[in-house]
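Data file: protein-v7.csv. Format and content: CSV, C-alpha atoms.
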```
chain,number,residue,atom,x,y,z
A,1,MET,CA,-15.1,3.7,21.4
A,2,GLN,CA,-15.2,0.0,21.0
A,3,SER,CA,-15.1,-2.4,24.0
A,4,ASP,CA,-15.2,-6.1,24.6
A,5,THR,CA,-17.8,-5.5,27.4
A,6,SER,CA,-20.9,-3.4,27.9
A,7,ALA,CA,-20.4,0.1,29.3
A,8,ASN,CA,-21.5,-0.7,32.9
A,9,GLU,CA,-19.1,-3.7,33.0
A,10,ILE,CA,-15.9,-1.8,31.9
A,11,SER,CA,-13.0,-2.5,34.2
A,12,GLU,CA,-9.2,-2.4,34.2
A,13,GLU,CA,-9.2,-5.7,32.3
A,14,SER,CA,-11.5,-4.4,29.5
A,15,LYS,CA,-10.1,-3.8,26.1
A,16,LEU,CA,-11.0,-0.4,24.7
A,17,ARG,CA,-10.3,0.8,21.2
A,18,ALA,CA,-10.7,4.3,19.8
A,19,THR,CA,-12.1,4.5,16.3
A,20,ASN,CA,-11.7,7.3,13.8
A,21,LEU,CA,-14.8,9.5,12.9
A,22,HIS,CA,-13.9,9.1,9.2
A,23,MET,CA,-14.2,5.3,9.4
A,24,HIS,CA,-18.0,5.3,9.2
A,25,GLY,CA,-17.7,5.1,5.4
A,26,LEU,CA,-14.2,4.2,4.3
A,27,THR,CA,-15.1,4.9,0.7
A,28,GLU,CA,-18.0,6.4,-1.1
A,29,ASN,CA,-17.7,3.8,-3.8
A,30,SER,CA,-20.2,1.0,-4.2
A,31,ALA,CA,-19.3,-2.3,-2.8
A,32,TYR,CA,-17.0,-4.3,-5.2
A,33,ALA,CA,-18.6,-7.5,-6.4
A,34,LEU,CA,-16.0,-10.3,-6.8
A,35,THR,CA,-15.7,-11.8,-10.3
A,36,ILE,CA,-15.0,-15.4,-11.1
A,37,ASN,CA,-11.4,-14.3,-12.0
A,38,ASP,CA,-11.1,-12.6,-8.5
A,39,ILE,CA,-12.2,-15.8,-6.8
A,40,GLU,CA,-9.8,-17.9,-8.8
A,41,TRP,CA,-6.9,-15.5,-8.1
A,42,ILE,CA,-7.7,-15.6,-4.3
A,43,THR,CA,-8.0,-19.3,-4.3
A,44,ALA,CA,-4.6,-19.7,-6.1
A,45,HIS,CA,-2.7,-17.1,-4.0
A,46,PHE,CA,-4.4,-16.7,-0.6
A,47,ASN,CA,-2.2,-19.2,1.3
A,48,ASP,CA,1.0,-17.8,-0.2
A,49,ALA,CA,0.0,-14.3,0.8
A,50,ARG,CA,-1.0,-15.5,4.2
A,51,GLN,CA,2.5,-17.1,4.6
A,52,LEU,CA,4.2,-13.8,3.5
A,53,LEU,CA,2.5,-12.1,6.4
A,54,GLU,CA,5.2,-13.6,8.6
A,55,GLU,CA,7.5,-11.1,7.0
A,56,ASP,CA,7.5,-7.6,8.6
A,57,ARG,CA,7.9,-5.9,5.3
A,58,PHE,CA,4.9,-7.6,3.7
A,59,GLN,CA,2.8,-7.2,6.9
A,60,THR,CA,3.5,-3.5,6.9
A,61,ALA,CA,2.7,-3.1,3.3
A,62,VAL,CA,-0.6,-4.9,3.7
A,63,HIS,CA,-1.5,-2.9,6.8
A,64,CYS,CA,-0.7,0.4,5.0
A,65,LEU,CA,-2.9,-0.5,2.1
A,66,ALA,CA,-5.7,-1.7,4.4
A,67,SER,CA,-5.6,1.4,6.6
A,68,TYR,CA,-4.8,4.4,4.4
A,69,ARG,CA,-8.4,5.3,3.9
A,70,TRP,CA,-8.8,5.8,7.7
A,71,HIS,CA,-7.2,9.2,7.4
A,72,SER,CA,-9.1,12.2,6.3
A,73,MET,CA,-6.1,14.1,4.8
A,74,PRO,CA,-4.7,13.1,1.4
A,75,ARG,CA,-1.2,14.1,2.5
A,76,VAL,CA,-1.4,11.6,5.4
A,77,LYS,CA,-2.9,8.9,3.1
A,78,LEU,CA,0.1,9.3,0.8
A,79,ALA,CA,2.5,9.1,3.7
A,80,VAL,CA,0.9,5.8,4.8
A,81,LEU,CA,0.8,4.3,1.4
A,82,TRP,CA,4.4,5.2,0.7
A,83,ALA,CA,5.5,3.8,4.0
A,84,GLY,CA,4.1,0.5,2.7
A,85,ILE,CA,5.7,0.9,-0.8
A,86,GLU,CA,9.2,2.0,0.5
A,87,GLY,CA,9.1,-0.6,3.2
A,88,MET,CA,9.0,-3.4,0.5
A,89,PHE,CA,12.5,-2.3,-0.6
A,90,GLY,CA,15.6,-1.4,1.2
A,91,ALA,CA,16.7,1.6,-0.8
A,92,SER,CA,18.6,4.1,1.5
A,93,SER,CA,20.2,6.4,-1.1
A,94,GLU,CA,18.9,7.8,-4.4
A,95,ILE,CA,15.5,6.7,-3.1
A,96,ARG,CA,13.4,8.2,-5.8
A,97,PHE,CA,15.4,6.7,-8.6
A,98,ARG,CA,15.9,3.3,-6.9
A,99,ILE,CA,12.3,2.8,-5.8
A,100,SER,CA,11.0,3.7,-9.2
A,101,LEU,CA,13.5,1.3,-10.8
A,102,TYR,CA,12.8,-1.5,-8.4
A,103,ILE,CA,9.0,-1.2,-8.7
A,104,ALA,CA,9.1,-1.1,-12.5
A,105,ARG,CA,11.4,-4.1,-12.7
A,106,PHE,CA,9.5,-6.1,-10.1
A,107,LEU,CA,6.1,-5.5,-11.7
A,108,HIS,CA,7.1,-5.6,-15.3
A,109,ALA,CA,10.2,-7.9,-15.5
A,110,SER,CA,9.7,-8.9,-19.1
A,111,ASP,CA,7.9,-5.9,-20.7
A,112,SER,CA,10.4,-3.0,-21.3
A,113,GLY,CA,7.7,-0.6,-22.6
A,114,ALA,CA,5.5,-1.1,-19.5
A,115,ARG,CA,8.6,-1.0,-17.3
A,116,LYS,CA,9.7,2.4,-18.7
A,117,GLU,CA,6.2,3.9,-18.4
A,118,LEU,CA,5.8,2.7,-14.8
A,119,PHE,CA,9.3,4.0,-13.9
A,120,ASP,CA,8.4,7.5,-15.1
A,121,SER,CA,5.0,7.3,-13.4
A,122,VAL,CA,6.5,6.2,-10.0
A,123,LYS,CA,9.1,9.0,-10.1
A,124,LYS,CA,6.3,11.6,-10.5
A,125,LEU,CA,4.3,10.0,-7.7
A,126,TYR,CA,7.4,10.0,-5.5
A,127,ASN,CA,7.6,13.7,-6.1
A,128,SER,CA,4.0,14.1,-4.9
A,129,ARG,CA,4.8,11.9,-1.9
A,130,SER,CA,7.8,14.1,-1.0
A,131,LYS,CA,5.8,17.3,-1.3
A,132,ALA,CA,3.0,15.9,0.7
A,133,VAL,CA,5.1,14.7,3.6
A,134,HIS,CA,7.3,17.8,3.7
A,135,GLY,CA,4.4,20.2,3.5
A,136,ALA,CA,5.2,21.7,0.2
A,137,LYS,CA,2.6,23.2,-2.1
A,138,ILE,CA,1.2,20.6,-4.5
A,139,LYS,CA,-0.3,21.3,-7.9
A,140,GLY,CA,-3.4,19.4,-9.0
A,141,ASP,CA,-5.6,17.0,-7.2
A,142,LEU,CA,-3.7,15.1,-4.5
A,143,ASN,CA,-6.4,12.5,-4.4
A,144,VAL,CA,-5.3,11.2,-7.8
A,145,ALA,CA,-1.8,10.6,-6.5
A,146,VAL,CA,-3.3,8.8,-3.5
A,147,GLU,CA,-5.3,6.4,-5.7
A,148,GLU,CA,-2.4,5.8,-8.1
A,149,SER,CA,-0.1,5.1,-5.1
A,150,ALA,CA,-2.6,2.7,-3.7
A,151,GLU,CA,-2.8,0.9,-7.0
A,152,ILE,CA,1.0,0.5,-7.0
A,153,LEU,CA,1.0,-0.8,-3.5
A,154,ARG,CA,-1.9,-3.2,-4.3
A,155,ASN,CA,0.1,-4.4,-7.4
A,156,LEU,CA,3.2,-4.9,-5.4
A,157,ILE,CA,1.4,-7.0,-2.8
A,158,LYS,CA,-0.3,-9.1,-5.5
A,159,GLN,CA,3.0,-9.7,-7.3
A,160,CYS,CA,4.6,-10.8,-4.0
A,161,ALA,CA,1.8,-13.4,-3.6
A,162,ILE,CA,2.3,-14.5,-7.2
A,163,ASN,CA,6.1,-14.8,-6.7
A,164,LYS,CA,5.6,-16.3,-3.2
A,165,SER,CA,8.4,-13.9,-2.1
A,166,LEU,CA,9.2,-10.3,-1.4
A,167,PRO,CA,11.2,-8.2,-3.9
A,168,ASN,CA,14.9,-9.0,-3.8
A,169,GLU,CA,16.9,-5.9,-4.5
A,170,ASP,CA,19.9,-7.8,-5.8
A,171,GLU,CA,17.7,-9.2,-8.6
A,172,LEU,CA,16.2,-5.8,-9.4
A,173,VAL,CA,19.5,-3.9,-9.9
A,174,PRO,CA,20.3,-3.9,-13.7
```
Rewrite the structure from the file as structure tokens, please.
Amino acid sequence: MQSDTSANEISEESKLRATNLHMHGLTENSAYALTINDIEWITAHFNDARQLLEEDRFQTAVHCLASYRWHSMPRVKLAVLWAGIEGMFGASSEIRFRISLYIARFLHASDSGARKELFDSVKKLYNSRSKAVHGAKIKGDLNVAVEESAEILRNLIKQCAINKSLPNEDELVP
């Protein structure tokens, strides 16, 4: 538990928060050291990303990326990540196809080869996402799908900051 006061001073006005046992080490990786390029990118785009946090879709995506590691189960991690990914777009039918198309066009607007490769990759990841959230048996290491999905969400968030806007479906439809 976390509290804004010491244990002997807890009252009705105290703010208590429960934490997750698995948060003691969100990742087993070493700390990432920022490069000069990272610092330049942050300097150039931080304010634009901060402004985008006023948008629910962007705020949800950022929160999903920031919190997916809190969960111990890869299936839940995928569900959280894909809530962020899908929330960036408004596709309500033919979701697998549309989300794959929108992501590929948003991230690789001018590179048809990269766009096609990403389109195919996202379709496969969406299949993993569907199996994960619907309890189906999954072949292979689900943690790979988690990390690839996190990378897609990370890239979507970065591209929004670069564009200073969220994806516009009308512009992404061929």
**Request:** Rank nothing, just name the residue among A:Glu13, A:Asp170, A:Leu81, A:Ala33 nearest to Arg69 in chain A, using all atoms listed in the file.
**Result:**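 Residue with the minimum atom-to-atom distance to Arg69 in chain A: A:Leu81.
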**Message:** Under the rule that all atoms listed in the file are counted, which of A:Ser72, A:Ser110, A:Ser130, A:Thr43 is the nearest residue to Ile162 in chain A?
**Reply:**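 Under the stated criterion, the closest residue is A:Thr43.
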**Asked** Distance CA of His45 in chain A-CA of Arg105 in chain A, one decimal place?
**Response**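 Interatomic distance here is 21.1 Å.
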**Request:** Up to 10 Å from (-2.5, -3.9, 1.7) in the file's coordinates: name the residues, counting all atoms listed in the file, as JSON, numbers by chain.
**Result:** {"A": [58, 59, 60, 61, 62, 63, 64, 65, 66, 67, 68, 81, 84, 85, 150, 151, 153, 154, 155, 156, 157, 158]}
**Message:** Let me make sure I understand: among A:Ala79, A:Ala136, A:Ile36, A:Met88, which one has the smallest atom-to-atom distance to Pro167 in chain A if we use all atoms listed in the file?
**Reply:** A:Met88
**Request:** Kindly indicate which residue among A:Arg57, A:Lys116, A:Lys123, A:His71 lies nearest to Glu94 in chain A, using all atoms listed in the file for the distances.
**Result:**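 Of A:Arg57, A:Lys116, A:Lys123, A:His71, the one nearest Glu94 in chain A is A:Lys123, counting all atoms listed in the file.
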**Prompt:** Using only C-alpha atoms, which residue out of A:Lys77, A:Asp48, A:Phe97, A:Leu107 lies closest to Gln159 in chain A?
**Reply:**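 Smallest distance to Gln159 in chain A is found for A:Leu107.
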**Counting all atoms listed in the file, the residue of A:Trp82, A:Tyr32, A:Arg96, A:Tyr102 that sits nearest Pro174 in chain A** =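 Smallest distance to Pro174 in chain A is found for A:Tyr102.
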